[in-house]
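File shown here: target.pdb, holding PDB, C-alpha atoms, pLDDT in the B column.
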```
ATOM      1  CA  MET Y   1      23.753  -0.018   0.277  1.00 47.00           C
ATOM      2  CA  PRO Y   2      20.857   2.203  -0.940  1.00 52.00           C
ATOM      3  CA  GLN Y   3      21.820   4.563  -3.752  1.00 61.00           C
ATOM      4  CA  PRO Y   4      21.878   8.324  -2.996  1.00 71.00           C
ATOM      5  CA  GLN Y   5      18.669  10.000  -4.093  1.00 76.00           C
ATOM      6  CA  PRO Y   6      18.643  13.105  -6.358  1.00 84.00           C
ATOM      7  CA  SER Y   7      18.078  16.393  -4.565  1.00 90.00           C
ATOM      8  CA  TRP Y   8      14.623  16.736  -6.159  1.00 93.00           C
ATOM      9  CA  THR Y   9      13.357  13.387  -4.850  1.00 92.00           C
ATOM     10  CA  LEU Y  10      10.465  13.489  -2.394  1.00 94.00           C
ATOM     11  CA  ASP Y  11      11.269  12.847   1.280  1.00 92.00           C
ATOM     12  CA  GLU Y  12       9.034   9.824   1.875  1.00 93.00           C
ATOM     13  CA  LEU Y  13       9.665   9.813   5.620  1.00 89.00           C
ATOM     14  CA  ALA Y  14       8.176  13.306   5.824  1.00 87.00           C
ATOM     15  CA  HIS Y  15       5.120  12.127   3.851  1.00 86.00           C
ATOM     16  CA  ALA Y  16       4.512   8.947   5.836  1.00 87.00           C
ATOM     17  CA  GLY Y  17       2.272  10.624   8.378  1.00 84.00           C
ATOM     18  CA  PRO Y  18       3.912  11.314  11.764  1.00 85.00           C
ATOM     19  CA  GLU Y  19       1.647   8.842  13.561  1.00 89.00           C
ATOM     20  CA  HIS Y  20       3.183   5.966  11.589  1.00 92.00           C
ATOM     21  CA  LEU Y  21       6.572   6.818  13.071  1.00 90.00           C
ATOM     22  CA  ASP Y  22       5.252   6.830  16.653  1.00 93.00           C
ATOM     23  CA  PRO Y  23       5.814   3.507  18.492  1.00 94.00           C
ATOM     24  CA  ALA Y  24       2.735   4.136  20.661  1.00 93.00           C
ATOM     25  CA  PHE Y  25       0.512   4.539  17.586  1.00 94.00           C
ATOM     26  CA  VAL Y  26       2.110   1.552  15.872  1.00 95.00           C
ATOM     27  CA  ALA Y  27       1.379  -0.616  18.935  1.00 94.00           C
ATOM     28  CA  GLY Y  28      -2.353  -0.088  18.340  1.00 95.00           C
ATOM     29  CA  PHE Y  29      -2.212   0.066  14.546  1.00 95.00           C
ATOM     30  CA  ASP Y  30      -3.723  -3.357  13.825  1.00 95.00           C
ATOM     31  CA  ARG Y  31      -6.656  -2.711  16.139  1.00 94.00           C
ATOM     32  CA  LYS Y  32      -7.359   0.651  14.491  1.00 93.00           C
ATOM     33  CA  GLN Y  33      -7.071  -0.967  11.033  1.00 93.00           C
ATOM     34  CA  GLY Y  34      -9.506  -3.709  12.020  1.00 93.00           C
ATOM     35  CA  TYR Y  35      -7.027  -6.598  11.651  1.00 95.00           C
ATOM     36  CA  PRO Y  36      -7.256  -6.883   7.839  1.00 95.00           C
ATOM     37  CA  ASP Y  37      -7.123 -10.475   6.588  1.00 97.00           C
ATOM     38  CA  PRO Y  38      -4.484 -11.003   3.846  1.00 98.00           C
ATOM     39  CA  THR Y  39      -6.054 -14.237   2.567  1.00 98.00           C
ATOM     40  CA  ASP Y  40      -7.683 -12.666  -0.517  1.00 98.00           C
ATOM     41  CA  ASP Y  41      -4.404 -11.018  -1.498  1.00 98.00           C
ATOM     42  CA  LEU Y  42      -2.428 -14.233  -1.102  1.00 98.00           C
ATOM     43  CA  ASP Y  43      -5.052 -16.134  -3.092  1.00 98.00           C
ATOM     44  CA  ALA Y  44      -4.907 -13.524  -5.879  1.00 98.00           C
ATOM     45  CA  LEU Y  45      -1.143 -13.911  -6.185  1.00 98.00           C
ATOM     46  CA  ARG Y  46      -1.359 -17.701  -6.339  1.00 98.00           C
ATOM     47  CA  ALA Y  47      -4.191 -17.526  -8.880  1.00 98.00           C
ATOM     48  CA  HIS Y  48      -1.833 -15.650 -11.194  1.00 98.00           C
ATOM     49  CA  GLY Y  49       1.027 -18.108 -10.946  1.00 97.00           C
ATOM     50  CA  VAL Y  50       2.975 -16.905  -7.916  1.00 98.00           C
ATOM     51  CA  GLY Y  51       4.311 -20.180  -6.547  1.00 98.00           C
ATOM     52  CA  PRO Y  52       6.003 -21.411  -3.369  1.00 98.00           C
ATOM     53  CA  ASP Y  53       9.509 -20.464  -4.568  1.00 98.00           C
ATOM     54  CA  ALA Y  54       8.489 -16.905  -5.418  1.00 98.00           C
ATOM     55  CA  THR Y  55      10.036 -13.638  -4.306  1.00 98.00           C
ATOM     56  CA  VAL Y  56       7.368 -11.238  -3.026  1.00 98.00           C
ATOM     57  CA  VAL Y  57       7.922  -7.601  -2.027  1.00 99.00           C
ATOM     58  CA  ASP Y  58       5.542  -5.799   0.325  1.00 98.00           C
ATOM     59  CA  LEU Y  59       5.900  -2.016  -0.054  1.00 98.00           C
ATOM     60  CA  GLY Y  60       4.531   0.009   2.829  1.00 98.00           C
ATOM     61  CA  ALA Y  61       4.429  -3.177   4.885  1.00 98.00           C
ATOM     62  CA  GLY Y  62       3.109  -1.559   8.069  1.00 97.00           C
ATOM     63  CA  THR Y  63       3.052  -4.024  10.943  1.00 97.00           C
ATOM     64  CA  GLY Y  64       3.455  -6.946   8.550  1.00 98.00           C
ATOM     65  CA  ARG Y  65       0.064  -8.602   8.447  1.00 98.00           C
ATOM     66  CA  PHE Y  66       0.522  -9.466   4.759  1.00 98.00           C
ATOM     67  CA  ALA Y  67       4.307  -9.974   4.842  1.00 98.00           C
ATOM     68  CA  LEU Y  68       4.240 -12.355   7.801  1.00 98.00           C
ATOM     69  CA  ALA Y  69       1.485 -14.445   6.218  1.00 98.00           C
ATOM     70  CA  ALA Y  70       3.279 -14.415   2.858  1.00 98.00           C
ATOM     71  CA  ALA Y  71       6.534 -15.575   4.460  1.00 98.00           C
ATOM     72  CA  ARG Y  72       4.784 -18.784   5.488  1.00 98.00           C
ATOM     73  CA  ILE Y  73       3.988 -19.752   1.885  1.00 97.00           C
ATOM     74  CA  PHE Y  74       6.493 -18.052  -0.454  1.00 98.00           C
ATOM     75  CA  GLY Y  75      10.226 -18.589  -0.812  1.00 98.00           C
ATOM     76  CA  ARG Y  76      11.387 -15.036  -0.076  1.00 98.00           C
ATOM     77  CA  VAL Y  77       9.459 -12.051   1.229  1.00 98.00           C
ATOM     78  CA  VAL Y  78      10.803  -8.512   1.591  1.00 98.00           C
ATOM     79  CA  ALA Y  79       8.911  -6.169   3.917  1.00 98.00           C
ATOM     80  CA  ALA Y  80       9.796  -2.553   3.099  1.00 98.00           C
ATOM     81  CA  ASP Y  81       8.585   0.442   5.078  1.00 98.00           C
ATOM     82  CA  VAL Y  82       9.941   3.900   5.817  1.00 97.00           C
ATOM     83  CA  SER Y  83       8.954   3.665   9.489  1.00 96.00           C
ATOM     84  CA  PRO Y  84      11.520   2.192  11.917  1.00 96.00           C
ATOM     85  CA  ALA Y  85       8.694   1.556  14.398  1.00 96.00           C
ATOM     86  CA  MET Y  86       6.740  -0.508  11.870  1.00 97.00           C
ATOM     87  CA  LEU Y  87       9.808  -2.540  10.933  1.00 98.00           C
ATOM     88  CA  ALA Y  88      10.637  -3.185  14.586  1.00 97.00           C
ATOM     89  CA  THR Y  89       7.183  -4.700  15.018  1.00 97.00           C
ATOM     90  CA  ILE Y  90       7.626  -6.924  11.945  1.00 98.00           C
ATOM     91  CA  ARG Y  91      11.050  -8.121  13.087  1.00 98.00           C
ATOM     92  CA  THR Y  92       9.717  -9.006  16.529  1.00 98.00           C
ATOM     93  CA  ARG Y  93       6.756 -10.899  15.122  1.00 98.00           C
ATOM     94  CA  ALA Y  94       8.913 -12.729  12.572  1.00 98.00           C
ATOM     95  CA  ALA Y  95      11.337 -13.829  15.285  1.00 97.00           C
ATOM     96  CA  GLU Y  96       8.489 -15.015  17.513  1.00 97.00           C
ATOM     97  CA  ALA Y  97       7.070 -17.040  14.598  1.00 97.00           C
ATOM     98  CA  GLY Y  98      10.448 -18.471  13.624  1.00 97.00           C
ATOM     99  CA  LEU Y  99      10.214 -17.073  10.095  1.00 97.00           C
ATOM    100  CA  THR Y 100      13.583 -17.100   8.340  1.00 94.00           C
ATOM    101  CA  THR Y 101      12.531 -16.135   4.794  1.00 95.00           C
ATOM    102  CA  LEU Y 102      11.425 -12.598   5.672  1.00 98.00           C
ATOM    103  CA  ASP Y 103      13.755  -9.643   5.106  1.00 98.00           C
ATOM    104  CA  CYS Y 104      13.000  -6.169   6.469  1.00 98.00           C
ATOM    105  CA  VAL Y 105      14.227  -3.073   4.647  1.00 98.00           C
ATOM    106  CA  GLN Y 106      13.769   0.561   5.664  1.00 97.00           C
ATOM    107  CA  ALA Y 107      12.719   2.069   2.348  1.00 97.00           C
ATOM    108  CA  GLY Y 108       9.724   3.439   0.506  1.00 97.00           C
ATOM    109  CA  PHE Y 109       8.321   3.353  -3.015  1.00 98.00           C
ATOM    110  CA  LEU Y 110      10.958   5.792  -4.248  1.00 97.00           C
ATOM    111  CA  SER Y 111      13.964   4.431  -2.375  1.00 96.00           C
ATOM    112  CA  TYR Y 112      13.542   0.652  -2.280  1.00 97.00           C
ATOM    113  CA  ASP Y 113      16.556  -0.923  -4.006  1.00 97.00           C
ATOM    114  CA  HIS Y 114      15.644  -4.468  -4.991  1.00 98.00           C
ATOM    115  CA  GLN Y 115      18.411  -7.038  -4.676  1.00 95.00           C
ATOM    116  CA  GLY Y 116      18.568 -10.458  -6.317  1.00 95.00           C
ATOM    117  CA  THR Y 117      16.377 -11.914  -9.021  1.00 96.00           C
ATOM    118  CA  PRO Y 118      13.342  -9.912 -10.194  1.00 98.00           C
ATOM    119  CA  ALA Y 119      10.334 -10.107  -7.930  1.00 98.00           C
ATOM    120  CA  ASP Y 120       7.432 -12.359  -8.843  1.00 98.00           C
ATOM    121  CA  ALA Y 121       4.929 -10.140  -7.052  1.00 99.00           C
ATOM    122  CA  VAL Y 122       4.597  -6.800  -5.299  1.00 99.00           C
ATOM    123  CA  HIS Y 123       1.912  -6.107  -2.730  1.00 99.00           C
ATOM    124  CA  THR Y 124       0.976  -2.753  -1.260  1.00 98.00           C
ATOM    125  CA  ARG Y 125      -1.965  -1.839   0.940  1.00 98.00           C
ATOM    126  CA  HIS Y 126      -3.113   1.682   1.835  1.00 97.00           C
ATOM    127  CA  ALA Y 127       0.313   3.231   1.341  1.00 97.00           C
ATOM    128  CA  LEU Y 128       0.482   4.647  -2.195  1.00 97.00           C
ATOM    129  CA  HIS Y 129      -1.894   7.463  -1.230  1.00 97.00           C
ATOM    130  CA  GLN Y 130       0.907   9.007   0.828  1.00 95.00           C
ATOM    131  CA  LEU Y 131       2.434  10.168  -2.480  1.00 97.00           C
ATOM    132  CA  PRO Y 132       1.185  13.016  -4.725  1.00 96.00           C
ATOM    133  CA  ASP Y 133       0.220  11.910  -8.215  1.00 97.00           C
ATOM    134  CA  PHE Y 134       3.538  12.702  -9.930  1.00 98.00           C
ATOM    135  CA  TRP Y 135       5.307  10.532  -7.377  1.00 97.00           C
ATOM    136  CA  LYS Y 136       2.674   7.804  -7.597  1.00 98.00           C
ATOM    137  CA  THR Y 137       3.536   7.499 -11.271  1.00 98.00           C
ATOM    138  CA  MET Y 138       7.243   7.331 -10.490  1.00 98.00           C
ATOM    139  CA  ALA Y 139       6.539   4.702  -7.828  1.00 98.00           C
ATOM    140  CA  LEU Y 140       4.532   2.546 -10.239  1.00 98.00           C
ATOM    141  CA  HIS Y 141       7.314   2.691 -12.827  1.00 98.00           C
ATOM    142  CA  ARG Y 142       9.788   1.617 -10.149  1.00 98.00           C
ATOM    143  CA  ILE Y 143       7.516  -1.273  -9.140  1.00 98.00           C
ATOM    144  CA  ALA Y 144       7.304  -2.424 -12.761  1.00 98.00           C
ATOM    145  CA  ALA Y 145      11.100  -2.332 -12.975  1.00 98.00           C
ATOM    146  CA  ILE Y 146      11.579  -4.783 -10.098  1.00 98.00           C
ATOM    147  CA  LEU Y 147       8.967  -7.269 -11.372  1.00 98.00           C
ATOM    148  CA  ARG Y 148       9.644 -10.005 -13.891  1.00 98.00           C
ATOM    149  CA  PRO Y 149       7.494  -9.969 -17.050  1.00 98.00           C
ATOM    150  CA  GLY Y 150       4.129 -11.424 -16.034  1.00 98.00           C
ATOM    151  CA  GLY Y 151       4.787 -10.535 -12.397  1.00 98.00           C
ATOM    152  CA  VAL Y 152       1.822  -9.501 -10.277  1.00 99.00           C
ATOM    153  CA  LEU Y 153       1.049  -6.190  -8.594  1.00 99.00           C
ATOM    154  CA  ARG Y 154      -1.642  -6.436  -5.934  1.00 99.00           C
ATOM    155  CA  LEU Y 155      -2.633  -2.889  -4.993  1.00 99.00           C
ATOM    156  CA  ARG Y 156      -5.154  -1.857  -2.358  1.00 98.00           C
ATOM    157  CA  ASP Y 157      -5.732   1.785  -1.607  1.00 98.00           C
ATOM    158  CA  LEU Y 158      -8.191   4.518  -0.842  1.00 98.00           C
ATOM    159  CA  VAL Y 159      -9.119   5.570  -4.389  1.00 98.00           C
ATOM    160  CA  TYR Y 160     -11.996   7.852  -5.383  1.00 98.00           C
ATOM    161  CA  ASP Y 161     -14.466   6.095  -7.699  1.00 98.00           C
ATOM    162  CA  PHE Y 162     -16.748   9.096  -8.316  1.00 98.00           C
ATOM    163  CA  GLU Y 163     -16.902  12.395 -10.161  1.00 98.00           C
ATOM    164  CA  PRO Y 164     -15.847  15.657  -8.484  1.00 98.00           C
ATOM    165  CA  ALA Y 165     -19.464  16.838  -8.238  1.00 98.00           C
ATOM    166  CA  GLU Y 166     -20.291  13.752  -6.164  1.00 98.00           C
ATOM    167  CA  ALA Y 167     -17.525  14.212  -3.584  1.00 98.00           C
ATOM    168  CA  GLU Y 168     -19.614  15.917  -0.906  1.00 98.00           C
ATOM    169  CA  ALA Y 169     -22.308  13.223  -0.939  1.00 98.00           C
ATOM    170  CA  VAL Y 170     -19.842  10.326  -0.994  1.00 98.00           C
ATOM    171  CA  PHE Y 171     -17.792  11.779   1.857  1.00 98.00           C
ATOM    172  CA  ALA Y 172     -20.948  12.432   3.912  1.00 97.00           C
ATOM    173  CA  GLY Y 173     -21.844   8.752   3.652  1.00 97.00           C
ATOM    174  CA  TRP Y 174     -18.296   7.783   4.586  1.00 97.00           C
ATOM    175  CA  PHE Y 175     -18.327   9.971   7.686  1.00 96.00           C
ATOM    176  CA  ALA Y 176     -21.742   8.667   8.751  1.00 95.00           C
ATOM    177  CA  ALA Y 177     -20.508   5.074   8.627  1.00 92.00           C
ATOM    178  CA  ALA Y 178     -17.743   5.968  11.108  1.00 92.00           C
ATOM    179  CA  ALA Y 179     -19.921   7.873  13.572  1.00 77.00           C
ATOM    180  CA  ASP Y 180     -19.280   7.410  17.314  1.00 79.00           C
ATOM    181  CA  ARG Y 181     -16.277   5.118  16.895  1.00 78.00           C
ATOM    182  CA  ASP Y 182     -13.544   5.062  19.527  1.00 87.00           C
ATOM    183  CA  PRO Y 183     -10.381   6.452  17.864  1.00 89.00           C
ATOM    184  CA  ALA Y 184      -8.394   3.557  19.335  1.00 89.00           C
ATOM    185  CA  GLU Y 185     -10.794   1.007  17.850  1.00 89.00           C
ATOM    186  CA  GLY Y 186     -11.252   2.366  14.342  1.00 92.00           C
ATOM    187  CA  TYR Y 187     -11.233   5.410  12.105  1.00 94.00           C
ATOM    188  CA  THR Y 188     -13.397   8.371  13.049  1.00 94.00           C
ATOM    189  CA  PRO Y 189     -15.026  11.021  10.842  1.00 95.00           C
ATOM    190  CA  GLU Y 190     -12.196  13.377  11.772  1.00 94.00           C
ATOM    191  CA  ASP Y 191      -9.643  10.750  10.724  1.00 94.00           C
ATOM    192  CA  TYR Y 192     -11.356  10.566   7.346  1.00 96.00           C
ATOM    193  CA  ALA Y 193     -11.527  14.352   7.032  1.00 97.00           C
ATOM    194  CA  GLU Y 194      -7.829  14.614   7.834  1.00 95.00           C
ATOM    195  CA  HIS Y 195      -7.083  12.033   5.154  1.00 96.00           C
ATOM    196  CA  ILE Y 196      -8.948  14.077   2.545  1.00 98.00           C
ATOM    197  CA  ARG Y 197      -7.215  17.308   3.589  1.00 97.00           C
ATOM    198  CA  THR Y 198      -3.657  16.107   4.006  1.00 95.00           C
ATOM    199  CA  GLU Y 199      -3.114  12.881   2.043  1.00 96.00           C
ATOM    200  CA  HIS Y 200      -3.160  12.163  -1.664  1.00 97.00           C
ATOM    201  CA  SER Y 201      -5.869   9.736  -2.645  1.00 98.00           C
ATOM    202  CA  THR Y 202      -6.625  10.138  -6.314  1.00 98.00           C
ATOM    203  CA  TYR Y 203      -9.479   9.464  -8.680  1.00 98.00           C
ATOM    204  CA  ARG Y 204      -9.834   6.033 -10.228  1.00 98.00           C
ATOM    205  CA  TRP Y 205      -9.930   7.615 -13.671  1.00 98.00           C
ATOM    206  CA  LEU Y 206      -6.472   9.074 -13.026  1.00 98.00           C
ATOM    207  CA  LEU Y 207      -4.905   6.069 -11.274  1.00 98.00           C
ATOM    208  CA  GLU Y 208      -5.788   3.521 -13.950  1.00 98.00           C
ATOM    209  CA  PRO Y 209      -3.988   5.360 -16.767  1.00 98.00           C
ATOM    210  CA  MET Y 210      -0.985   5.659 -14.442  1.00 98.00           C
ATOM    211  CA  LEU Y 211      -0.936   1.876 -14.085  1.00 98.00           C
ATOM    212  CA  THR Y 212      -1.240   1.362 -17.828  1.00 98.00           C
ATOM    213  CA  ARG Y 213       1.507   3.856 -18.673  1.00 98.00           C
ATOM    214  CA  ALA Y 214       3.782   2.226 -16.079  1.00 98.00           C
ATOM    215  CA  GLY Y 215       3.552  -1.058 -17.987  1.00 98.00           C
ATOM    216  CA  PHE Y 216       0.735  -2.919 -16.239  1.00 98.00           C
ATOM    217  CA  GLU Y 217      -2.333  -4.708 -17.510  1.00 98.00           C
ATOM    218  CA  ILE Y 218      -5.232  -4.401 -15.065  1.00 98.00           C
ATOM    219  CA  VAL Y 219      -6.761  -7.875 -14.908  1.00 98.00           C
ATOM    220  CA  ASP Y 220      -9.147  -7.421 -11.984  1.00 98.00           C
ATOM    221  CA  VAL Y 221     -10.521  -4.479 -10.029  1.00 98.00           C
ATOM    222  CA  THR Y 222     -13.149  -4.200  -7.312  1.00 98.00           C
ATOM    223  CA  PHE Y 223     -14.378  -1.249  -5.289  1.00 98.00           C
ATOM    224  CA  GLU Y 224     -16.045  -0.899  -1.908  1.00 98.00           C
ATOM    225  CA  ALA Y 225     -18.179   2.132  -1.048  1.00 96.00           C
ATOM    226  CA  ARG Y 226     -16.716   3.990  -4.052  1.00 98.00           C
ATOM    227  CA  LEU Y 227     -13.649   4.651  -1.907  1.00 98.00           C
ATOM    228  CA  PHE Y 228     -11.548   1.508  -1.539  1.00 98.00           C
ATOM    229  CA  GLY Y 229     -10.041  -0.027  -4.650  1.00 98.00           C
ATOM    230  CA  THR Y 230      -8.383  -3.428  -5.022  1.00 98.00           C
ATOM    231  CA  TYR Y 231      -6.355  -3.984  -8.177  1.00 99.00           C
ATOM    232  CA  THR Y 232      -4.647  -7.056  -9.566  1.00 98.00           C
ATOM    233  CA  CYS Y 233      -2.265  -6.143 -12.356  1.00 99.00           C
ATOM    234  CA  LEU Y 234       0.257  -8.012 -14.484  1.00 98.00           C
ATOM    235  CA  ARG Y 235       3.511  -6.511 -15.699  1.00 98.00           C
ATOM    236  CA  ARG Y 236       3.544  -6.557 -19.482  1.00 97.00           C
TER     237      ARG Y 236
END
```
Once more with this new file: its structure as structure tokens, please.
Amino acid sequence: MPQPQPSWTLDELAHAGPEHLDPAFVAGFDRKQGYPDPTDDLDALRAHGVGPDATVVDLGAGTGRFALAAARIFGRVVAADVSPAMLATIRTRAAEAGLTTLDCVQAGFLSYDHQGTPADAVHTRHALHQLPDFWKTMALHRIAAILRPGGVLRLRDLVYDFEPAEAEAVFAGWFAAAADRDPAEGYTPEDYAEHIRTEHSTYRWLLEPMLTRAGFEIVDVTFEARLFGTYTCLRR
């Protein structure tokens, strides 16, 4: 049973973005996301000692592209998401695939209550930006608390790898790359503009100290288009 949250705790369901709670949107979510391949993330975990008996937690699991793939190679996988519609999709896909090592939990970064032995790895993709920076820091501390020493955090998110004075130019290039896309087939310039206005992506030079203060060593980081960061971190 999840523990009651203090009255000052953020309502993660309210910050999830209403579209992620809409079954119609969720039905087309993978197509809009471009069917991201989890292979690199799985390989990164294995390269840092996450073995076949491992417990892996996927926070902000979405429709389960990573969690379902992970459940085929790791001993226990927990897919956590605040959206009932997302979890319904994962449960259906897991049942169709005959996966018995995948647990689904309705919870977010601030409410997930880990059960059992400490996790060997935590994965999260394009979900942490739903939280303002204070709550990101709290979330990272909570992730560190559920990982064993040496456990792996694999974090992908929309992170700003530029200085404030460069924002207009970087965003203009981002919008141009999305021009004329069908909203059902991918993200449009207006989708990107809405993200900037209403969500909480942060600067790289703020996020990395958050990771360090939460107890992580950053062992690998790559960026794409100065906007999309991929971090592999080890819990100290």
### Message
Using all atoms listed in the file for the distances, tell me which of Y:Thr9, Y:Thr230, Y:Asp182, Y:Cys104 is nearest to Arg31 of chain Y.
### Response
Y:Asp182
### Task
List, as a PyMOL selection string, every residue that the PyMOL selection byres ((chain Y and resi 236) around 8) selects in the file provided.
chain Y and resi 149-150+215-217+234-235
### Task
Run the PyMOL selection byres ((chain Y and resi 205-209) around 10) on the file and write out the hits as a list in words.
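Listing what the PyMOL selection byres ((chain Y and resi 205-209) around 10) selects in the shown file: Asp133, Lys136, Thr137, Val159, Tyr160, Asp161, Phe162, Glu163, Ser201, Thr202, Tyr203, Arg204, Met210, Leu211, Thr212, Arg213, Ala214, Gly215, Phe216, Glu217, Ile218 and Tyr231 of chain Y.
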### Task
List, as a ChimeraX atom specification, every residue that the PyMOL selection byres ((chain Y and resi 143) around 10) selects in the file provided.
/Y:57,59,109-110,112,114,119,121-123,137-142,144-147,153,214-216,235
Write to file, as a PDB file, in the frame of the given file, the residues of the selection just made, with C-alpha atoms.
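This went into part-v3.pdb:
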```
ATOM      1  CA  VAL Y  57       7.922  -7.601  -2.027  1.00 99.00           C
ATOM      2  CA  LEU Y  59       5.900  -2.016  -0.054  1.00 98.00           C
ATOM      3  CA  PHE Y 109       8.321   3.353  -3.015  1.00 98.00           C
ATOM      4  CA  LEU Y 110      10.958   5.792  -4.248  1.00 97.00           C
ATOM      5  CA  TYR Y 112      13.542   0.652  -2.280  1.00 97.00           C
ATOM      6  CA  HIS Y 114      15.644  -4.468  -4.991  1.00 98.00           C
ATOM      7  CA  ALA Y 119      10.334 -10.107  -7.930  1.00 98.00           C
ATOM      8  CA  ALA Y 121       4.929 -10.140  -7.052  1.00 99.00           C
ATOM      9  CA  VAL Y 122       4.597  -6.800  -5.299  1.00 99.00           C
ATOM     10  CA  HIS Y 123       1.912  -6.107  -2.730  1.00 99.00           C
ATOM     11  CA  THR Y 137       3.536   7.499 -11.271  1.00 98.00           C
ATOM     12  CA  MET Y 138       7.243   7.331 -10.490  1.00 98.00           C
ATOM     13  CA  ALA Y 139       6.539   4.702  -7.828  1.00 98.00           C
ATOM     14  CA  LEU Y 140       4.532   2.546 -10.239  1.00 98.00           C
ATOM     15  CA  HIS Y 141       7.314   2.691 -12.827  1.00 98.00           C
ATOM     16  CA  ARG Y 142       9.788   1.617 -10.149  1.00 98.00           C
ATOM     17  CA  ALA Y 144       7.304  -2.424 -12.761  1.00 98.00           C
ATOM     18  CA  ALA Y 145      11.100  -2.332 -12.975  1.00 98.00           C
ATOM     19  CA  ILE Y 146      11.579  -4.783 -10.098  1.00 98.00           C
ATOM     20  CA  LEU Y 147       8.967  -7.269 -11.372  1.00 98.00           C
ATOM     21  CA  LEU Y 153       1.049  -6.190  -8.594  1.00 99.00           C
ATOM     22  CA  ALA Y 214       3.782   2.226 -16.079  1.00 98.00           C
ATOM     23  CA  GLY Y 215       3.552  -1.058 -17.987  1.00 98.00           C
ATOM     24  CA  PHE Y 216       0.735  -2.919 -16.239  1.00 98.00           C
ATOM     25  CA  ARG Y 235       3.511  -6.511 -15.699  1.00 98.00           C
TER      26      ARG Y 235
END
```
### Message
Rounded to one decimal, what separation in Å do you get between atom CA of Phe171 of chain Y and atom CA of Ala16 of chain Y?
### Response
22.8 Å
### Query
If you measure from atom CA of Ala54 of chain Y to atom CA of Met86 of chain Y, what distance in Å do you get, rounded to one decimal?
23.9 Å
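Proximity to Thr232 of chain Y was assessed for Y:Gly60, Y:Gly28, Y:Pro23, Y:Gly151 counting all atoms listed in the file; the smallest distance is recorded for Y:Gly151.
Note that atom CA of Arg181 of chain Y and atom CA of Tyr35 of chain Y are 15.8 Å apart.
The smallest atom-to-atom distance between Lys32 of chain Y and any of Y:Thr222, Y:Gln106, Y:Gln130, Y:Thr188, using all atoms listed in the file, is found for Y:Thr188.
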### Task
Return the single residue from Y:Glu199, Y:Asp58, Y:Asp113, Y:Asp81 that is closest to Arg156 of chain Y, with distances computed using only C-alpha atoms.
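Of Y:Glu199, Y:Asp58, Y:Asp113, Y:Asp81, the one nearest Arg156 of chain Y, counting only C-alpha atoms, is Y:Asp58.
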### Distance criterion (only C-alpha atoms): nearest to Ala88 of chain Y out of Y:Ala61, Y:Leu155, Y:Leu227, Y:Ala47
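Closest candidate: Y:Ala61.
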#### Entry: Spatial neighbours of segment 189-195 of chain Y, max dist 8 Å, only C-alpha atoms, sep filter under 3 positions, as a list in words
Trp174, Phe175, Ala176, Ala178, Ala179, Thr198, Glu199 and His200 of chain Y
### Message
as JSON, numbers by chain, please: the residues near segment 91-101 of chain Y (cut-off 10 Å, all atoms listed in the file, same-chain neighbours under 3 positions excluded).
### Response
{"Y": [55, 63, 64, 65, 67, 68, 69, 70, 71, 72, 73, 74, 75, 76, 77, 78, 79, 86, 87, 88, 104]}
### Task
Dump as a VMD selection string all residues having an atom at most 8 Å from (11.6, 8.5, 7.9), computed in the file's coordinates with all atoms listed in the file.
chain Y and resid 11 to 14 16 21 82 to 84
